[in-house]
file start.tsv (TSV, C-alpha atoms)
chain	number	residue	atom	x	y	z
A	20	MET	CA	-82.95	-9.44	-22.15
A	21	PRO	CA	-80.35	-12.03	-22.44
A	22	LYS	CA	-79.27	-13.63	-19.32
A	23	ARG	CA	-75.91	-12.75	-18.00
A	24	LYS	CA	-73.71	-15.51	-17.11
A	25	LYS	CA	-72.32	-15.38	-13.68
A	26	PRO	CA	-68.56	-15.55	-13.55
A	27	ARG	CA	-67.49	-18.94	-12.48
A	28	LYS	CA	-65.86	-19.14	-9.17
A	29	GLN	CA	-62.40	-20.46	-9.36
A	30	SER	CA	-61.31	-23.01	-6.98
A	31	VAL	CA	-58.50	-22.15	-4.60
A	32	GLY	CA	-56.21	-24.59	-6.39
A	33	GLN	CA	-56.82	-22.95	-9.80
A	34	GLU	CA	-56.21	-19.51	-8.33
A	35	LYS	CA	-52.90	-20.58	-6.81
A	36	GLN	CA	-51.89	-22.14	-10.11
A	37	GLU	CA	-52.65	-18.91	-12.00
A	38	ASN	CA	-50.68	-16.90	-9.44
A	39	ARG	CA	-47.70	-19.22	-9.84
A	40	LEU	CA	-47.92	-18.94	-13.63
A	41	PHE	CA	-48.04	-15.14	-13.37
A	42	GLN	CA	-45.07	-15.09	-10.98
A	43	SER	CA	-43.00	-17.37	-13.19
A	44	LYS	CA	-43.69	-15.13	-16.23
A	45	LEU	CA	-42.71	-12.08	-14.21
A	46	LEU	CA	-39.48	-13.74	-12.98
A	47	ALA	CA	-38.64	-14.82	-16.54
A	48	GLN	CA	-38.82	-11.16	-17.58
A	49	LEU	CA	-36.63	-10.04	-14.63
A	50	GLU	CA	-33.89	-12.75	-14.90
A	51	PRO	CA	-31.93	-11.15	-17.81
A	52	THR	CA	-31.85	-7.85	-15.90
A	53	LYS	CA	-30.49	-9.60	-12.80
A	54	TYR	CA	-27.67	-11.28	-14.73
A	55	ARG	CA	-26.91	-8.07	-16.65
A	56	ILE	CA	-26.45	-6.22	-13.37
A	57	ARG	CA	-24.13	-8.96	-12.06
A	58	ARG	CA	-22.10	-8.86	-15.29
A	59	GLU	CA	-21.81	-5.06	-15.10
A	60	ARG	CA	-20.61	-5.27	-11.49
A	61	LEU	CA	-18.02	-7.89	-12.47
A	62	TRP	CA	-16.66	-5.70	-15.28
A	63	LEU	CA	-16.58	-2.73	-12.91
A	64	LEU	CA	-14.57	-4.77	-10.39
A	65	ILE	CA	-12.13	-5.92	-13.09
A	66	GLY	CA	-11.70	-2.32	-14.23
A	67	VAL	CA	-10.96	-1.15	-10.69
A	68	VAL	CA	-8.37	-3.93	-10.27
A	69	PHE	CA	-6.60	-2.92	-13.51
A	70	ILE	CA	-6.59	0.74	-12.47
A	71	PHE	CA	-5.08	-0.21	-9.10
A	72	LEU	CA	-2.38	-2.35	-10.75
A	73	GLY	CA	-1.59	0.47	-13.17
A	74	LEU	CA	-1.12	2.88	-10.28
A	75	VAL	CA	1.15	0.41	-8.48
A	76	PHE	CA	3.33	0.06	-11.61
A	77	ILE	CA	3.48	3.84	-12.11
A	78	ILE	CA	4.48	4.46	-8.48
A	79	ASN	CA	7.08	1.67	-8.65
A	80	GLY	CA	8.54	3.14	-11.85
A	81	LEU	CA	8.69	6.64	-10.42
A	82	SER	CA	10.42	5.44	-7.26
A	83	GLY	CA	12.95	3.58	-9.43
A	84	ILE	CA	13.64	6.76	-11.41
A	85	LEU	CA	14.08	8.78	-8.23
A	86	ASN	CA	16.41	6.18	-6.69
A	87	LYS	CA	18.42	5.95	-9.94
A	88	SER	CA	19.05	9.70	-9.90
A	89	LYS	CA	20.54	9.39	-6.38
A	90	GLN	CA	23.18	6.92	-7.59
A	91	GLU	CA	26.25	7.47	-9.69
A	92	VAL	CA	27.69	5.01	-12.18
A	93	LEU	CA	31.41	4.21	-12.22
A	94	PRO	CA	32.50	3.97	-15.88
A	95	GLU	CA	35.29	1.44	-15.32
A	96	THR	CA	33.19	-1.13	-13.43
A	97	ALA	CA	29.67	-0.21	-14.54
A	98	GLU	CA	28.50	-0.74	-10.95
A	99	THR	CA	26.58	1.75	-8.86
A	100	PHE	CA	27.34	3.21	-5.47
A	101	THR	CA	25.70	5.88	-3.35
A	102	PRO	CA	27.61	9.18	-3.19
A	103	THR	CA	28.18	8.83	0.60
A	104	GLU	CA	30.40	5.76	0.09
A	105	THR	CA	34.03	5.92	-0.97
A	106	PRO	CA	35.09	2.66	-2.62
A	107	GLY	CA	38.22	1.11	-1.06
A	108	LYS	CA	38.60	3.73	1.67
A	109	ILE	CA	38.30	3.05	5.38
A	110	ASP	CA	37.10	6.19	7.15
A	111	GLU	CA	37.74	5.20	10.77
A	112	GLY	CA	39.77	2.67	12.73
A	113	ALA	CA	42.69	0.53	11.67
A	114	SER	CA	43.17	-0.01	7.97
A	115	THR	CA	44.35	-3.18	6.33
A	116	ALA	CA	46.09	-3.71	3.04
A	117	ARG	CA	44.04	-5.71	0.58
A	118	VAL	CA	45.79	-8.08	-1.80
A	119	GLU	CA	44.05	-7.96	-5.17
A	120	ALA	CA	43.54	-11.55	-6.28
A	121	ALA	CA	42.60	-10.86	-9.90
A	122	GLY	CA	45.42	-10.68	-12.40
A	123	LEU	CA	45.38	-8.71	-15.65
A	124	THR	CA	44.31	-11.70	-17.73
A	125	ALA	CA	41.40	-12.35	-15.36
A	126	LEU	CA	40.23	-8.74	-15.68
A	127	GLU	CA	40.49	-8.90	-19.48
A	128	LYS	CA	38.54	-12.16	-19.62
A	129	ALA	CA	35.88	-10.78	-17.26
A	130	ASP	CA	35.53	-7.63	-19.41
A	131	GLN	CA	35.16	-9.73	-22.58
A	132	THR	CA	32.52	-11.92	-20.95
A	133	ALA	CA	30.60	-8.89	-19.64
A	134	GLU	CA	30.64	-7.35	-23.12
A	135	GLN	CA	29.38	-10.61	-24.68
A	136	ILE	CA	26.61	-10.85	-22.09
A	137	GLN	CA	25.51	-7.28	-22.78
A	138	THR	CA	25.52	-7.66	-26.57
A	139	SER	CA	23.86	-11.10	-26.70
A	140	GLY	CA	21.53	-10.65	-23.74
A	141	ARG	CA	22.41	-14.18	-22.58
A	142	TRP	CA	24.40	-14.96	-19.45
A	143	ARG	CA	27.52	-17.10	-19.75
A	144	ALA	CA	30.34	-18.00	-17.38
A	145	THR	CA	33.82	-16.51	-17.75
A	146	ASP	CA	36.27	-19.24	-18.74
A	147	TYR	CA	39.29	-18.69	-16.48
A	148	GLU	CA	42.47	-20.74	-16.51
A	149	ARG	CA	44.66	-21.70	-13.58
A	150	GLY	CA	46.68	-18.71	-12.38
A	151	ASP	CA	44.24	-16.05	-13.65
A	152	ILE	CA	43.13	-15.44	-10.05
A	153	GLY	CA	45.30	-15.75	-6.95
A	154	VAL	CA	44.65	-15.87	-3.21
A	155	GLY	CA	43.48	-12.77	-1.36
A	156	ALA	CA	40.49	-10.46	-1.83
A	157	TYR	CA	38.62	-10.91	-5.08
A	158	GLN	CA	35.79	-8.74	-6.39
A	159	VAL	CA	33.22	-10.87	-8.24
A	160	LYS	CA	32.70	-9.91	-11.90
A	161	LEU	CA	29.74	-10.47	-14.20
A	162	GLY	CA	30.02	-14.05	-15.48
A	163	ASP	CA	31.80	-15.43	-12.40
A	164	THR	CA	30.79	-18.63	-10.66
A	165	LEU	CA	32.42	-20.27	-7.65
A	166	TRP	CA	33.38	-23.16	-9.96
A	167	GLU	CA	35.18	-20.87	-12.44
A	168	ILE	CA	36.92	-18.95	-9.66
A	169	ALA	CA	38.13	-22.26	-8.14
A	170	GLU	CA	39.44	-23.34	-11.58
A	171	ALA	CA	41.32	-20.03	-11.89
A	172	VAL	CA	42.86	-20.30	-8.41
A	173	TYR	CA	43.38	-24.02	-7.85
A	174	GLY	CA	43.10	-25.45	-11.36
A	175	ASP	CA	40.18	-27.59	-10.14
A	176	GLY	CA	36.56	-26.44	-10.09
A	177	PHE	CA	35.65	-29.10	-7.53
A	178	GLN	CA	37.47	-27.04	-4.88
A	179	TRP	CA	34.84	-24.28	-4.99
A	180	ASN	CA	33.77	-25.41	-1.50
A	181	LYS	CA	36.99	-23.89	-0.07
A	182	ILE	CA	35.85	-20.47	-1.22
A	183	LEU	CA	32.29	-21.11	-0.02
A	184	ASN	CA	33.39	-22.25	3.45
A	185	LEU	CA	35.53	-19.16	4.03
A	186	ASN	CA	32.82	-16.76	2.77
A	187	LYS	CA	29.64	-18.46	4.09
A	188	GLU	CA	28.22	-15.29	5.64
A	189	LYS	CA	28.54	-13.44	2.31
A	190	ILE	CA	27.24	-16.14	-0.03
A	191	GLY	CA	23.54	-16.90	-0.29
A	192	PHE	CA	21.69	-20.09	-1.14
A	193	LEU	CA	18.51	-20.85	-3.03
A	194	PRO	CA	15.55	-21.74	-0.77
A	195	ASN	CA	16.20	-25.46	-1.31
A	196	GLY	CA	19.86	-24.96	-0.28
A	197	SER	CA	21.19	-26.37	-3.52
A	198	GLN	CA	23.30	-23.57	-4.99
A	199	ALA	CA	25.61	-20.87	-3.69
A	200	LEU	CA	24.77	-17.39	-5.01
A	201	ILE	CA	27.37	-14.71	-5.71
A	202	PHE	CA	26.85	-11.39	-7.44
A	203	PRO	CA	28.99	-8.83	-9.27
A	204	GLY	CA	30.72	-6.38	-6.95
A	205	GLN	CA	30.78	-8.77	-4.00
A	206	VAL	CA	34.23	-9.15	-2.39
A	207	LEU	CA	35.26	-12.73	-1.57
A	208	ILE	CA	38.34	-13.89	0.29
A	209	ILE	CA	40.16	-16.60	-1.68
A	210	PRO	CA	42.03	-19.04	0.64
A	211	LYS	CA	45.27	-20.93	-0.16

call {"tool": "encode", "arguments": {"input": "start.tsv", "output": "structure tokens"}}
result
Amino acid sequence: MPKRKKPRKQSVGQEKQENRLFQSKLLAQLEPTKYRIRRERLWLLIGVVFIFLGLVFIINGLSGILNKSKQEVLPETAETFTPTETPGKIDEGASTARVEAAGLTALEKADQTAEQIQTSGRWRATDYERGDIGVGAYQVKLGDTLWEIAEAVYGDGFQWNKILNLNKEKIGFLPNGSQALIFPGQVLIIPK
């Protein structure tokens, strides 16, 4: 009978080295699975974020539609008001007479500018001339700036500060404080 060879005993160092080799091969097989799972979780998170944003936009749009139906549009000014308000009427207390500062030519120029803005989609200032607007209460139109209003009242756009100083609580500023902000429908008092 042939002699059987006895299996060689491995040294502890060789055994540890074989174990490390086996573990590294096993980890190499598991790595792609680990990264695939991370990638799938990332795509799932991105999908959830897009679904959430979509819901926010839908809710925002629906609330805008509901609020729009509660408002009425005035055909002559194309501005909105809530049905509980009555433009130009004082319900209680003492009433005052309001002097309308805008003349007919100012209203015509403002209408032309508003029409041009709507058709072109680009904002532009209404080009008033001295005398188009007088002193008193003035309702801001689309295309108005404090400079143009001052040119219409005083013949000098540099006097726009007079209007600003009298209407400070009504006129806003940009966060850096550099520009006065007015908006269509706002009523300003034009001083002498």

call {"tool": "closest_residue", "arguments": {"input": "start.tsv", "among": "A:Leu46, A:Thr164, A:Leu126, A:Val172", "to": "Leu200 of chain A", "atoms": "only C-alpha atoms"}}
result
A:Thr164

call {"tool": "closest_residue", "arguments": {"input": "start.tsv", "among": "A:Gln36, A:Phe69, A:Arg60, A:Pro210", "to": "Gly155 of chain A", "atoms": "only C-alpha atoms"}}
result
A:Pro210

call {"tool": "atom_distance", "arguments": {"input": "start.tsv", "atom1": "atom CA of Phe202 of chain A", "atom2": "atom CA of Asp163 of chain A"}}
result
8.1 Å

call {"tool": "atom_distance", "arguments": {"input": "start.tsv", "atom1": "atom CA of Thr124 of chain A", "atom2": "atom CA of Trp179 of chain A"}}
result
20.3 Å

call {"tool": "residues_near_point", "arguments": {"input": "start.tsv", "point": "(30.7, -18.0, -21.3)", "cutoff": "9 Å", "atoms": "only C-alpha atoms", "output": "VMD selection string"}}
result
chain A and resid 132 135 to 136 142 to 146 162

call {"tool": "closest_residue", "arguments": {"input": "start.tsv", "among": "A:Lys211, A:Trp166, A:Ile65, A:Gln178", "to": "Gln198 of chain A", "atoms": "all atoms listed in the file"}}
result
A:Trp166

call {"tool": "closest_residue", "arguments": {"input": "start.tsv", "among": "A:Ala125, A:Val31, A:Leu161, A:Ala156", "to": "Gln137 of chain A", "atoms": "all atoms listed in the file"}}
result
A:Leu161

call {"tool": "closest_residue", "arguments": {"input": "start.tsv", "among": "A:Glu170, A:Gln205, A:Lys160, A:Lys128", "to": "Gly191 of chain A", "atoms": "all atoms listed in the file"}}
result
A:Gln205
